[in-house]
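Colleague: File follows, data-v3.cif with mmCIF, C-alpha atoms:
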data_input
loop_
_atom_site.label_atom_id
_atom_site.label_comp_id
_atom_site.auth_asym_id
_atom_site.auth_seq_id
_atom_site.Cartn_x
_atom_site.Cartn_y
_atom_site.Cartn_z
CA ALA A 45 26.59 75.54 199.36
CA GLN A 46 23.11 76.17 200.68
CA LYS A 47 23.00 75.12 204.29
CA ILE A 48 19.26 75.37 204.77
CA THR A 49 16.87 74.56 201.94
CA GLN A 50 13.17 75.15 201.88
CA THR A 51 11.96 73.80 198.55
CA GLN A 52 8.35 75.03 198.77
CA PRO A 53 8.08 78.70 197.86
CA GLY A 54 4.34 78.57 198.62
CA MET A 55 1.89 76.19 200.23
CA PHE A 56 -1.89 76.19 200.49
CA VAL A 57 -3.98 74.45 203.13
CA GLN A 58 -7.63 74.35 204.05
CA GLU A 59 -8.58 75.66 207.45
CA LYS A 60 -8.55 72.94 210.15
CA GLU A 61 -6.32 70.65 208.11
CA ALA A 62 -2.69 69.80 208.85
CA VAL A 63 0.19 71.01 206.71
CA THR A 64 3.88 70.11 206.52
CA LEU A 65 6.53 72.64 205.59
CA ASP A 66 9.78 71.08 204.39
CA CYS A 67 13.27 71.94 205.51
CA THR A 68 16.55 70.19 204.79
CA TYR A 69 19.91 71.22 206.13
CA ASP A 70 23.56 70.53 205.58
CA THR A 71 26.20 70.49 208.26
CA SER A 72 29.19 68.46 209.33
CA ASP A 73 28.90 69.72 212.87
CA PRO A 74 27.58 66.99 215.23
CA SER A 75 26.02 69.62 217.50
CA TYR A 76 23.50 72.06 216.11
CA GLY A 77 20.08 73.51 216.70
CA LEU A 78 17.16 73.82 214.32
CA PHE A 79 14.53 76.54 214.57
CA TRP A 80 11.33 77.59 212.91
CA TYR A 81 10.16 81.19 212.80
CA LYS A 82 6.92 82.71 211.55
CA GLN A 83 6.80 86.07 209.81
CA PRO A 84 3.25 87.36 209.33
CA SER A 85 2.45 90.18 206.91
CA SER A 86 3.00 92.66 209.73
CA GLY A 87 6.70 91.79 209.49
CA GLU A 88 7.81 90.63 212.91
CA MET A 89 9.73 87.38 213.39
CA ILE A 90 8.08 85.02 215.84
CA PHE A 91 9.91 82.02 217.29
CA LEU A 92 7.85 78.82 217.00
CA ILE A 93 9.86 75.74 217.86
CA TYR A 94 13.36 74.41 218.54
CA GLN A 95 15.01 71.02 218.00
CA GLY A 96 18.48 70.14 219.24
CA SER A 97 20.60 67.71 217.26
CA TYR A 98 20.95 65.43 220.27
CA ASP A 99 17.28 65.50 221.23
CA GLN A 100 15.82 62.01 221.09
CA GLN A 101 12.24 63.10 220.66
CA ASN A 102 10.64 65.39 218.13
CA ALA A 103 9.86 68.82 219.53
CA THR A 104 6.26 69.91 219.98
CA GLU A 105 4.79 73.29 220.92
CA GLY A 106 1.00 73.36 220.90
CA ARG A 107 -0.16 72.91 217.29
CA TYR A 108 3.42 72.93 216.03
CA SER A 109 5.61 69.85 215.85
CA LEU A 110 8.95 69.29 214.26
CA ASN A 111 9.48 66.08 212.30
CA PHE A 112 13.21 65.63 212.84
CA GLN A 113 14.92 62.99 210.70
CA LYS A 114 18.60 63.29 211.48
CA ALA A 115 19.88 60.76 208.97
CA ARG A 116 18.01 62.51 206.19
CA LYS A 117 18.99 65.93 207.55
CA SER A 118 15.44 67.14 207.49
CA ALA A 119 13.48 69.18 210.02
CA ASN A 120 9.97 69.60 208.70
CA LEU A 121 7.42 71.74 210.52
CA VAL A 122 3.97 70.25 210.96
CA ILE A 123 1.09 72.59 211.76
CA SER A 124 -2.02 70.78 212.88
CA ALA A 125 -5.56 72.16 212.67
CA SER A 126 -4.55 75.16 210.54
CA GLN A 127 -6.12 78.51 211.34
CA LEU A 128 -6.52 81.59 209.18
CA GLY A 129 -4.00 83.34 211.40
CA ASP A 130 -1.37 80.80 210.39
CA SER A 131 -1.11 82.48 206.98
CA ALA A 132 2.43 83.85 206.98
CA MET A 133 5.95 83.22 205.79
CA TYR A 134 7.78 80.46 207.65
CA PHE A 135 11.53 80.25 208.00
CA CYS A 136 13.66 77.29 208.96
CA ALA A 137 17.01 78.15 210.53
CA MET A 138 20.06 76.34 211.85
CA ARG A 139 22.59 77.23 214.47
CA GLU A 140 25.89 75.37 214.33
CA GLU A 141 28.29 75.02 217.21
CA LEU A 142 31.74 76.34 216.58
CA ALA A 143 34.81 74.28 217.35
CA GLY A 144 35.39 74.07 221.06
CA GLY A 145 31.72 73.74 221.88
CA THR A 146 31.07 77.45 222.17
CA SER A 147 27.94 78.57 220.43
CA TYR A 148 28.13 82.03 219.00
CA GLY A 149 24.50 81.82 218.05
CA LYS A 150 24.69 82.63 214.36
CA LEU A 151 21.47 81.55 212.66
CA THR A 152 21.52 80.54 209.00
CA PHE A 153 18.08 80.87 207.42
CA GLY A 154 16.33 79.14 204.56
CA GLN A 155 14.54 80.99 201.79
CA GLY A 156 11.17 80.75 203.50
CA THR A 157 7.79 79.25 202.58
CA ILE A 158 4.65 81.33 202.24
CA LEU A 159 1.70 79.49 203.77
CA THR A 160 -1.83 80.48 202.83
CA VAL A 161 -4.72 79.07 204.83
CA HIS A 162 -8.04 79.01 202.98
CA PRO A 163 -11.37 79.19 204.85
CA ASP B 23 6.19 95.19 227.70
CA THR B 24 8.00 94.65 224.43
CA ALA B 25 10.86 92.19 224.88
CA VAL B 26 13.07 93.40 222.01
CA SER B 27 12.26 96.87 220.79
CA GLN B 28 13.69 98.68 217.80
CA THR B 29 13.36 102.30 216.83
CA PRO B 30 12.43 103.64 214.43
CA LYS B 31 10.08 101.19 212.73
CA TYR B 32 10.39 103.02 209.42
CA LEU B 33 13.30 105.08 208.16
CA VAL B 34 13.28 106.93 204.85
CA THR B 35 16.41 108.84 203.92
CA GLN B 36 18.52 110.10 201.07
CA MET B 37 21.63 108.47 199.66
CA GLY B 38 24.76 109.64 201.40
CA ASN B 39 23.12 110.36 204.73
CA ASP B 40 24.09 108.79 208.06
CA LYS B 41 21.44 107.10 210.17
CA SER B 42 21.13 105.02 213.33
CA ILE B 43 18.77 102.28 214.44
CA LYS B 44 18.41 101.58 218.14
CA CYS B 45 17.69 98.26 219.79
CA GLU B 46 16.94 97.46 223.40
CA GLN B 47 16.00 94.19 225.08
CA ASN B 48 14.51 93.70 228.53
CA LEU B 49 14.88 89.91 228.60
CA GLY B 50 18.12 89.90 230.56
CA HIS B 51 19.93 88.30 227.61
CA ASP B 52 23.67 88.61 227.19
CA THR B 53 23.91 88.32 223.40
CA MET B 54 22.43 90.58 220.74
CA TYR B 55 22.40 90.41 216.97
CA TRP B 56 21.67 92.41 213.86
CA TYR B 57 20.17 90.69 210.81
CA LYS B 58 19.38 92.10 207.39
CA GLN B 59 16.35 90.93 205.38
CA ASP B 60 16.60 91.84 201.72
CA SER B 61 13.83 92.44 199.20
CA LYS B 62 13.58 88.69 198.53
CA LYS B 63 13.00 88.08 202.24
CA PHE B 64 16.38 86.44 202.71
CA LEU B 65 17.71 86.89 206.24
CA LYS B 66 21.41 87.11 206.94
CA ILE B 67 23.31 87.86 210.09
CA MET B 68 25.41 91.01 210.20
CA PHE B 69 26.79 91.28 213.73
CA SER B 70 26.62 89.68 217.12
CA TYR B 71 27.68 91.04 220.50
CA ASN B 72 28.07 89.10 223.71
CA ASN B 73 28.33 91.20 226.87
CA LYS B 74 29.28 94.24 224.80
CA GLU B 75 32.00 92.34 222.93
CA LEU B 76 31.82 91.86 219.16
CA ILE B 77 31.82 88.15 218.36
CA ILE B 78 30.39 87.95 214.84
CA ASN B 79 31.09 90.34 211.99
CA GLU B 80 29.89 88.87 208.72
CA THR B 81 31.70 90.68 205.90
CA VAL B 82 29.62 93.76 206.38
CA PRO B 83 30.91 97.02 204.81
CA ASN B 84 32.64 99.17 207.38
CA ARG B 85 30.01 101.85 206.76
CA PHE B 86 27.99 99.77 209.22
CA SER B 87 29.13 100.16 212.80
CA PRO B 88 27.38 98.45 215.68
CA LYS B 89 27.68 99.91 219.15
CA SER B 90 26.79 98.20 222.38
CA PRO B 91 26.85 100.57 225.36
CA ASP B 92 25.65 97.78 227.63
CA LYS B 93 24.37 94.27 227.18
CA ALA B 94 20.75 95.43 226.91
CA HIS B 95 21.42 97.72 223.96
CA LEU B 96 22.85 97.21 220.49
CA ASN B 97 22.61 100.12 218.11
CA LEU B 98 23.43 100.12 214.41
CA HIS B 99 24.93 103.19 212.78
CA ILE B 100 25.17 103.38 209.02
CA ASN B 101 27.34 105.96 207.26
CA SER B 102 27.02 107.17 203.69
CA LEU B 103 23.85 105.25 202.95
CA GLU B 104 23.55 103.59 199.56
CA LEU B 105 20.53 102.41 197.59
CA GLY B 106 21.51 98.79 198.28
CA ASP B 107 21.18 99.35 202.00
CA SER B 108 17.40 99.45 201.61
CA ALA B 109 16.15 96.46 203.58
CA VAL B 110 14.50 95.44 206.81
CA TYR B 111 16.93 95.29 209.71
CA PHE B 112 16.14 93.04 212.64
CA CYS B 113 17.63 93.10 216.08
CA ALA B 114 17.54 89.90 218.12
CA SER B 115 18.73 88.73 221.50
CA SER B 116 19.42 85.46 223.25
CA THR B 117 21.14 83.98 226.21
CA ARG B 118 23.87 81.40 226.00
CA THR B 119 21.95 78.35 227.06
CA ALA B 120 21.94 75.07 225.16
CA LYS B 121 18.94 76.20 223.13
CA ASN B 122 20.14 79.80 222.60
CA ILE B 123 16.76 80.82 221.18
CA GLN B 124 16.87 84.21 219.54
CA TYR B 125 13.97 86.58 220.02
CA PHE B 126 13.53 89.23 217.38
CA GLY B 127 12.41 92.81 217.39
CA ALA B 128 9.69 94.02 215.02
CA GLY B 129 12.21 95.17 212.43
CA THR B 130 13.17 98.54 210.95
CA ARG B 131 12.31 99.11 207.33
CA LEU B 132 15.02 101.32 205.82
CA SER B 133 14.37 102.95 202.48
CA VAL B 134 17.23 104.82 200.83
CA LEU B 135 16.11 107.16 198.04
#
Please re-express this file's structure in C-alpha coordinates.
Modeller:
Amino acid sequence: AQKITQTQPGMFVQEKEAVTLDCTYDTSDPSYGLFWYKQPSSGEMIFLIYQGSYDQQNATEGRYSLNFQKARKSANLVISASQLGDSAMYFCAMREELAGGTSYGKLTFGQGTILTVHP
Amino acid sequence: DTAVSQTPKYLVTQMGNDKSIKCEQNLGHDTMYWYKQDSKKFLKIMFSYNNKELIINETVPNRFSPKSPDKAHLNLHINSLELGDSAVYFCASSTRTAKNIQYFGAGTRLSVL
(Lines of atoms letter the chains of each structure in order from A and count residues from 1; the text may use other names and numbers.)
(Lines give C-alpha, C1' and ligand atoms only; values in the text may rest on other atoms or scores of the structure.)
Protein backbone atom coordinates (compact mmCIF):
# COMPACT_ATOMS: atom_id res chain seq x y z
CA ALA A 1 0.00 0.00 0.00
CA GLN A 2 1.18 3.48 -0.85
CA LYS A 3 2.44 5.10 2.31
CA ILE A 4 2.83 8.61 0.94
CA THR A 5 0.46 9.95 -1.69
CA GLN A 6 0.81 13.15 -3.62
CA THR A 7 -2.26 13.37 -5.83
CA GLN A 8 -1.23 16.43 -7.85
CA PRO A 9 1.21 15.52 -10.61
CA GLY A 10 1.45 19.20 -11.57
CA MET A 11 0.40 22.54 -10.15
CA PHE A 12 0.45 26.06 -11.55
CA VAL A 13 0.53 29.29 -9.57
CA GLN A 14 0.89 32.95 -10.38
CA GLU A 15 3.91 34.72 -9.01
CA LYS A 16 3.29 36.28 -5.56
CA GLU A 17 0.29 34.05 -4.88
CA ALA A 18 0.13 31.22 -2.35
CA VAL A 19 -0.06 27.57 -3.34
CA THR A 20 -0.81 24.36 -1.44
CA LEU A 21 0.76 21.05 -2.37
CA ASP A 22 -1.11 18.04 -1.03
CA CYS A 23 0.33 15.08 0.80
CA THR A 24 -1.43 12.25 2.60
CA TYR A 25 0.27 9.44 4.44
CA ASP A 26 -0.51 6.10 5.96
CA THR A 27 1.09 4.68 9.05
CA SER A 28 0.14 2.81 12.18
CA ASP A 29 3.23 4.04 13.97
CA PRO A 30 2.36 6.70 16.60
CA SER A 31 5.77 8.32 16.18
CA TYR A 32 6.87 9.56 12.78
CA GLY A 33 8.31 12.53 10.98
CA LEU A 34 7.09 14.26 7.85
CA PHE A 35 9.38 16.12 5.47
CA TRP A 36 9.18 18.19 2.33
CA TYR A 37 12.01 18.39 -0.18
CA LYS A 38 12.43 20.53 -3.27
CA GLN A 39 14.14 19.25 -6.41
CA PRO A 40 14.81 22.01 -8.95
CA SER A 41 15.66 21.23 -12.57
CA SER A 42 19.34 21.17 -11.62
CA GLY A 43 18.59 17.93 -9.76
CA GLU A 44 19.68 18.40 -6.17
CA MET A 45 17.36 17.57 -3.26
CA ILE A 46 16.83 20.48 -0.90
CA PHE A 47 15.30 20.03 2.55
CA LEU A 48 12.49 22.51 3.19
CA ILE A 49 10.54 21.71 6.32
CA TYR A 50 9.94 19.07 9.01
CA GLN A 51 6.92 18.16 11.14
CA GLY A 52 7.03 15.66 13.98
CA SER A 53 3.94 13.59 14.74
CA TYR A 54 3.86 14.86 18.31
CA ASP A 55 4.39 18.51 17.42
CA GLN A 56 1.44 20.58 18.59
CA GLN A 57 1.98 23.43 16.18
CA ASN A 58 2.32 23.46 12.42
CA ALA A 59 5.89 23.88 11.26
CA THR A 60 6.95 27.05 9.49
CA GLU A 61 10.20 27.94 7.73
CA GLY A 62 10.15 31.35 6.08
CA ARG A 63 7.65 31.22 3.20
CA TYR A 64 7.02 27.52 3.78
CA SER A 65 4.47 26.18 6.23
CA LEU A 66 3.17 22.71 6.79
CA ASN A 67 -0.56 22.27 7.31
CA PHE A 68 -0.51 19.18 9.52
CA GLN A 69 -3.86 17.48 10.10
CA LYS A 70 -3.07 14.35 12.06
CA ALA A 71 -6.56 12.87 12.14
CA ARG A 72 -6.81 13.17 8.38
CA LYS A 73 -3.21 11.99 7.93
CA SER A 74 -2.36 14.91 5.75
CA ALA A 75 0.73 17.13 5.67
CA ASN A 76 0.21 19.74 2.99
CA LEU A 77 2.94 22.21 2.09
CA VAL A 78 1.91 25.84 1.76
CA ILE A 79 4.19 28.19 -0.13
CA SER A 80 3.30 31.83 0.35
CA ALA A 81 4.20 34.64 -2.05
CA SER A 82 5.42 32.29 -4.79
CA GLN A 83 8.57 33.23 -6.67
CA LEU A 84 9.79 32.12 -10.07
CA GLY A 85 12.57 30.23 -8.33
CA ASP A 86 9.99 28.06 -6.60
CA SER A 87 9.37 26.23 -9.87
CA ALA A 88 10.56 22.71 -9.12
CA MET A 89 9.45 19.24 -8.16
CA TYR A 90 8.35 18.87 -4.54
CA PHE A 91 8.48 15.65 -2.59
CA CYS A 92 6.69 14.73 0.60
CA ALA A 93 8.39 12.06 2.69
CA MET A 94 7.78 10.18 5.92
CA ARG A 95 10.09 8.62 8.42
CA GLU A 96 8.59 6.00 10.71
CA GLU A 97 10.04 4.93 14.02
CA LEU A 98 10.83 1.28 14.30
CA ALA A 99 9.69 -0.76 17.26
CA GLY A 100 11.71 0.09 20.33
CA GLY A 101 11.82 3.78 19.55
CA THR A 102 14.99 3.63 17.50
CA SER A 103 14.79 5.59 14.30
CA TYR A 104 16.77 4.12 11.48
CA GLY A 105 15.95 7.12 9.37
CA LYS A 106 14.46 5.45 6.32
CA LEU A 107 12.50 8.00 4.30
CA THR A 108 9.56 6.89 2.20
CA PHE A 109 8.80 9.37 -0.58
CA GLY A 110 5.69 10.33 -2.48
CA GLN A 111 5.53 10.54 -6.25
CA GLY A 112 6.24 14.25 -6.30
CA THR A 113 4.40 17.33 -7.58
CA ILE A 114 5.81 19.58 -10.28
CA LEU A 115 5.14 23.22 -9.42
CA THR A 116 5.30 25.86 -12.12
CA VAL A 117 5.26 29.51 -11.13
CA HIS A 118 4.04 31.88 -13.85
CA PRO A 119 5.19 35.52 -13.99
CA ASP B 1 31.97 24.10 1.47
CA THR B 2 29.66 21.42 0.14
CA ALA B 3 28.01 19.54 3.00
CA VAL B 4 27.36 16.24 1.19
CA SER B 5 29.45 15.75 -1.91
CA GLN B 6 29.21 12.98 -4.46
CA THR B 7 31.57 12.11 -7.26
CA PRO B 8 31.23 11.79 -10.12
CA LYS B 9 28.19 13.87 -11.04
CA TYR B 10 27.74 12.00 -14.30
CA LEU B 11 28.75 8.44 -15.10
CA VAL B 12 28.33 6.85 -18.52
CA THR B 13 29.42 3.26 -18.91
CA GLN B 14 28.82 0.04 -20.77
CA MET B 15 26.75 -2.90 -19.61
CA GLY B 16 28.80 -5.39 -17.65
CA ASN B 17 31.29 -2.88 -16.30
CA ASP B 18 31.98 -2.22 -12.62
CA LYS B 19 31.78 1.33 -11.29
CA SER B 20 31.92 3.20 -7.99
CA ILE B 21 30.29 6.36 -6.70
CA LYS B 22 31.88 8.17 -3.79
CA CYS B 23 30.14 10.17 -1.09
CA GLU B 24 31.57 12.32 1.65
CA GLN B 25 29.87 14.50 4.24
CA ASN B 26 31.45 17.20 6.39
CA LEU B 27 28.44 17.75 8.64
CA GLY B 28 29.65 15.51 11.44
CA HIS B 29 26.67 13.19 10.92
CA ASP B 30 26.78 9.58 12.02
CA THR B 31 24.34 8.08 9.52
CA MET B 32 24.58 7.95 5.74
CA TYR B 33 22.24 6.68 3.06
CA TRP B 34 22.02 5.78 -0.59
CA TYR B 35 18.81 6.44 -2.52
CA LYS B 36 17.94 5.62 -6.11
CA GLN B 37 15.73 7.91 -8.22
CA ASP B 38 14.34 6.18 -11.27
CA SER B 39 13.29 7.65 -14.60
CA LYS B 40 9.84 8.49 -13.17
CA LYS B 41 11.50 10.48 -10.39
CA PHE B 42 10.53 7.95 -7.74
CA LEU B 43 12.99 7.91 -4.85
CA LYS B 44 13.67 4.75 -2.89
CA ILE B 45 16.17 3.98 -0.20
CA MET B 46 18.85 1.40 -0.92
CA PHE B 47 21.16 1.35 2.09
CA SER B 48 21.84 3.08 5.34
CA TYR B 49 24.94 3.01 7.53
CA ASN B 50 25.26 4.24 11.08
CA ASN B 51 28.81 4.65 12.37
CA LYS B 52 30.09 2.36 9.61
CA GLU B 53 27.53 -0.33 10.43
CA LEU B 54 24.94 -1.40 7.86
CA ILE B 55 21.45 -0.85 9.27
CA ILE B 56 19.21 -0.76 6.21
CA ASN B 57 19.49 -2.96 3.14
CA GLU B 58 16.36 -2.70 1.04
CA THR B 59 16.23 -5.75 -1.22
CA VAL B 60 18.95 -4.40 -3.42
CA PRO B 61 20.71 -6.87 -5.77
CA ASN B 62 24.00 -8.02 -4.32
CA ARG B 63 25.75 -6.46 -7.33
CA PHE B 64 25.45 -3.28 -5.27
CA SER B 65 27.88 -3.13 -2.39
CA PRO B 66 28.13 -0.13 -0.11
CA LYS B 67 31.35 0.51 1.76
CA SER B 68 31.83 2.85 4.67
CA PRO B 69 35.49 3.32 5.59
CA ASP B 70 34.53 5.85 8.24
CA LYS B 71 31.38 7.65 9.27
CA ALA B 72 32.08 10.57 6.92
CA HIS B 73 32.22 8.39 3.82
CA LEU B 74 29.83 5.98 2.16
CA ASN B 75 30.78 4.68 -1.25
CA LEU B 76 28.65 2.62 -3.59
CA HIS B 77 30.22 -0.02 -5.80
CA ILE B 78 28.19 -1.62 -8.55
CA ASN B 79 29.31 -4.80 -10.30
CA SER B 80 28.19 -6.06 -13.70
CA LEU B 81 26.12 -3.02 -14.54
CA GLU B 82 22.78 -3.57 -16.24
CA LEU B 83 20.61 -1.27 -18.32
CA GLY B 84 18.10 -1.08 -15.46
CA ASP B 85 20.71 0.41 -13.18
CA SER B 86 20.47 3.68 -15.11
CA ALA B 87 19.16 6.20 -12.60
CA VAL B 88 20.18 9.07 -10.38
CA TYR B 89 21.82 7.94 -7.16
CA PHE B 90 21.68 10.21 -4.15
CA CYS B 91 23.77 10.07 -1.05
CA ALA B 92 22.37 11.61 2.13
CA SER B 93 23.43 12.00 5.72
CA SER B 94 21.81 12.75 9.05
CA THR B 95 22.39 12.58 12.74
CA ARG B 96 20.25 10.62 15.12
CA THR B 97 18.34 13.43 16.73
CA ALA B 98 14.57 13.51 17.11
CA LYS B 99 14.22 15.25 13.75
CA ASN B 100 16.86 13.15 11.93
CA ILE B 101 16.77 15.47 8.92
CA GLN B 102 18.56 14.02 5.94
CA TYR B 103 20.70 16.28 3.79
CA PHE B 104 21.29 15.13 0.25
CA GLY B 105 24.17 15.33 -2.14
CA ALA B 106 23.70 16.68 -5.66
CA GLY B 107 23.19 13.21 -7.11
CA THR B 108 25.08 11.05 -9.60
CA ARG B 109 23.40 10.40 -12.91
CA LEU B 110 24.39 6.91 -14.05
CA SER B 111 23.74 5.94 -17.65
CA VAL B 112 24.36 2.33 -18.65
CA LEU B 113 24.61 1.81 -22.41
Colleague: Using only C-alpha atoms, which residues of chain B come within 8 Å of chain A, and what is the closest atom pair for each, with the distance in Å to one decimal? Give it as a Markdown table, sorted by chain and residue number.
Modeller:
| residue | atom | partner | partner_atom | distance |
| --- | --- | --- | --- | --- |
| B:Lys63 | CA | A:Gln155 | CA | 7.3 |
| B:Phe64 | CA | A:Gln155 | CA | 5.8 |
| B:Leu65 | CA | A:Phe153 | CA | 6.1 |
| B:Lys66 | CA | A:Thr152 | CA | 6.9 |
| B:Ile67 | CA | A:Lys150 | CA | 6.9 |
| B:Ser70 | CA | A:Lys150 | CA | 7.8 |
| B:Ile77 | CA | A:Tyr148 | CA | 7.2 |
| B:Ile78 | CA | A:Tyr148 | CA | 7.6 |
| B:Arg118 | CA | A:Ser147 | CA | 7.5 |
| B:Lys121 | CA | A:Gly77 | CA | 7.1 |
| B:Asn122 | CA | A:Gly149 | CA | 6.6 |
| B:Ile123 | CA | A:Tyr94 | CA | 7.7 |
| B:Gln124 | CA | A:Phe91 | CA | 7.6 |
| B:Tyr125 | CA | A:Phe91 | CA | 6.7 |
| B:Phe126 | CA | A:Met89 | CA | 5.8 |
| B:Gly127 | CA | A:Glu88 | CA | 6.8 |
| B:Ala128 | CA | A:Glu88 | CA | 4.4 |
| B:Gly129 | CA | A:Glu88 | CA | 6.3 |
Colleague: Name the residues that the PyMOL selection byres ((chain B and resi 100) around 8) pulls out of this structure, and write them as a PDB file with C-alpha atoms, keeping the file's coordinate frame.
Modeller:
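Now in out_23.pdb:
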ATOM      1  CA  ASP B  40      24.090 108.790 208.060  1.00  0.00           C
ATOM      2  CA  LYS B  41      21.440 107.100 210.170  1.00  0.00           C
ATOM      3  CA  SER B  42      21.130 105.020 213.330  1.00  0.00           C
ATOM      4  CA  ARG B  85      30.010 101.850 206.760  1.00  0.00           C
ATOM      5  CA  PHE B  86      27.990  99.770 209.220  1.00  0.00           C
ATOM      6  CA  SER B  87      29.130 100.160 212.800  1.00  0.00           C
ATOM      7  CA  LEU B  98      23.430 100.120 214.410  1.00  0.00           C
ATOM      8  CA  HIS B  99      24.930 103.190 212.780  1.00  0.00           C
ATOM      9  CA  ASN B 101      27.340 105.960 207.260  1.00  0.00           C
ATOM     10  CA  SER B 102      27.020 107.170 203.690  1.00  0.00           C
ATOM     11  CA  LEU B 103      23.850 105.250 202.950  1.00  0.00           C
TER      12      LEU B 103
END
Colleague: Return as JSON the centre and edge lengths, in Å with one decimal, of the box along x, y and z that encloses every atom of range 37-45 of chain B in the file, padded by 8 Å per side.
Modeller:
{"center_x": 21.2, "center_y": 104.3, "center_z": 209.7, "size_x": 23.1, "size_y": 28.1, "size_z": 36.1}
Colleague: Please evaluate the PyMOL selection byres ((chain A and resi 71) around 10) against the structure above and give the resulting residues as number ranges by chain.
Modeller: A: 46-48, 69-70, 72-76, 117, 138-140
Colleague: If we count all atoms listed in the file, what is near range 54-56 of chain B at a cut-off of 6 Å, once residues fewer than 6 positions away on the same chain are taken out, given as a PDB file with C-alpha atoms, in the coordinates of the input?
Modeller:
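Saved the output as around-v9.pdb:
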ATOM      1  CA  MET B  68      25.410  91.010 210.200  1.00  0.00           C
ATOM      2  CA  PHE B  69      26.790  91.280 213.730  1.00  0.00           C
ATOM      3  CA  SER B  70      26.620  89.680 217.120  1.00  0.00           C
ATOM      4  CA  TYR B  71      27.680  91.040 220.500  1.00  0.00           C
ATOM      5  CA  PHE B 112      16.140  93.040 212.640  1.00  0.00           C
ATOM      6  CA  CYS B 113      17.630  93.100 216.080  1.00  0.00           C
ATOM      7  CA  ALA B 114      17.540  89.900 218.120  1.00  0.00           C
ATOM      8  CA  SER B 115      18.730  88.730 221.500  1.00  0.00           C
TER       9      SER B 115
END
Colleague: Measuring between only C-alpha atoms, which one of A:Val57, A:Cys67, A:Ala132, A:Ala62 shows the shortest distance to Ser118 in chain A?
Modeller: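 Closest to Ser118 in chain A, using only C-alpha atoms: A:Cys67.
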Colleague: Under the PyMOL selection byres ((chain B and resi 134) around 7), which residues of this model are included? Write them out as a list in words.
Modeller: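 Selected by the PyMOL selection byres ((chain B and resi 134) around 7) in this file: Val34, Thr35, Gln36, Met37, Leu103, Glu104, Leu105, Asp107, Ser108, Leu132, Ser133 and Leu135 of chain B.
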Colleague: With only C-alpha atoms as the atoms that count, which of B:Glu75, B:Asn39, B:Lys31, B:Thr24 lies nearest to Leu96 in chain B?
Modeller: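 That would be B:Glu75, the residue with the smallest distance to Leu96 in chain B.
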Colleague: Would you compute the distance between CA of Ser126 in chain A and CA of Asn102 in chain A? Give it in Å to one decimal.
Modeller: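 The value is 19.6 Å.
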Colleague: Considering all atoms listed in the file, can you say which of B:Gln28, B:Gln47, B:Ser116, B:Ser61 comes closest to Asp92 in chain B?
Modeller: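 Under the stated criterion, the closest residue is B:Gln47.
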Colleague: Which value, in Å to one decimal, gives the distance between CA of Arg116 in chain A and CA of Gly54 in chain A?
Modeller: 22.4 Å
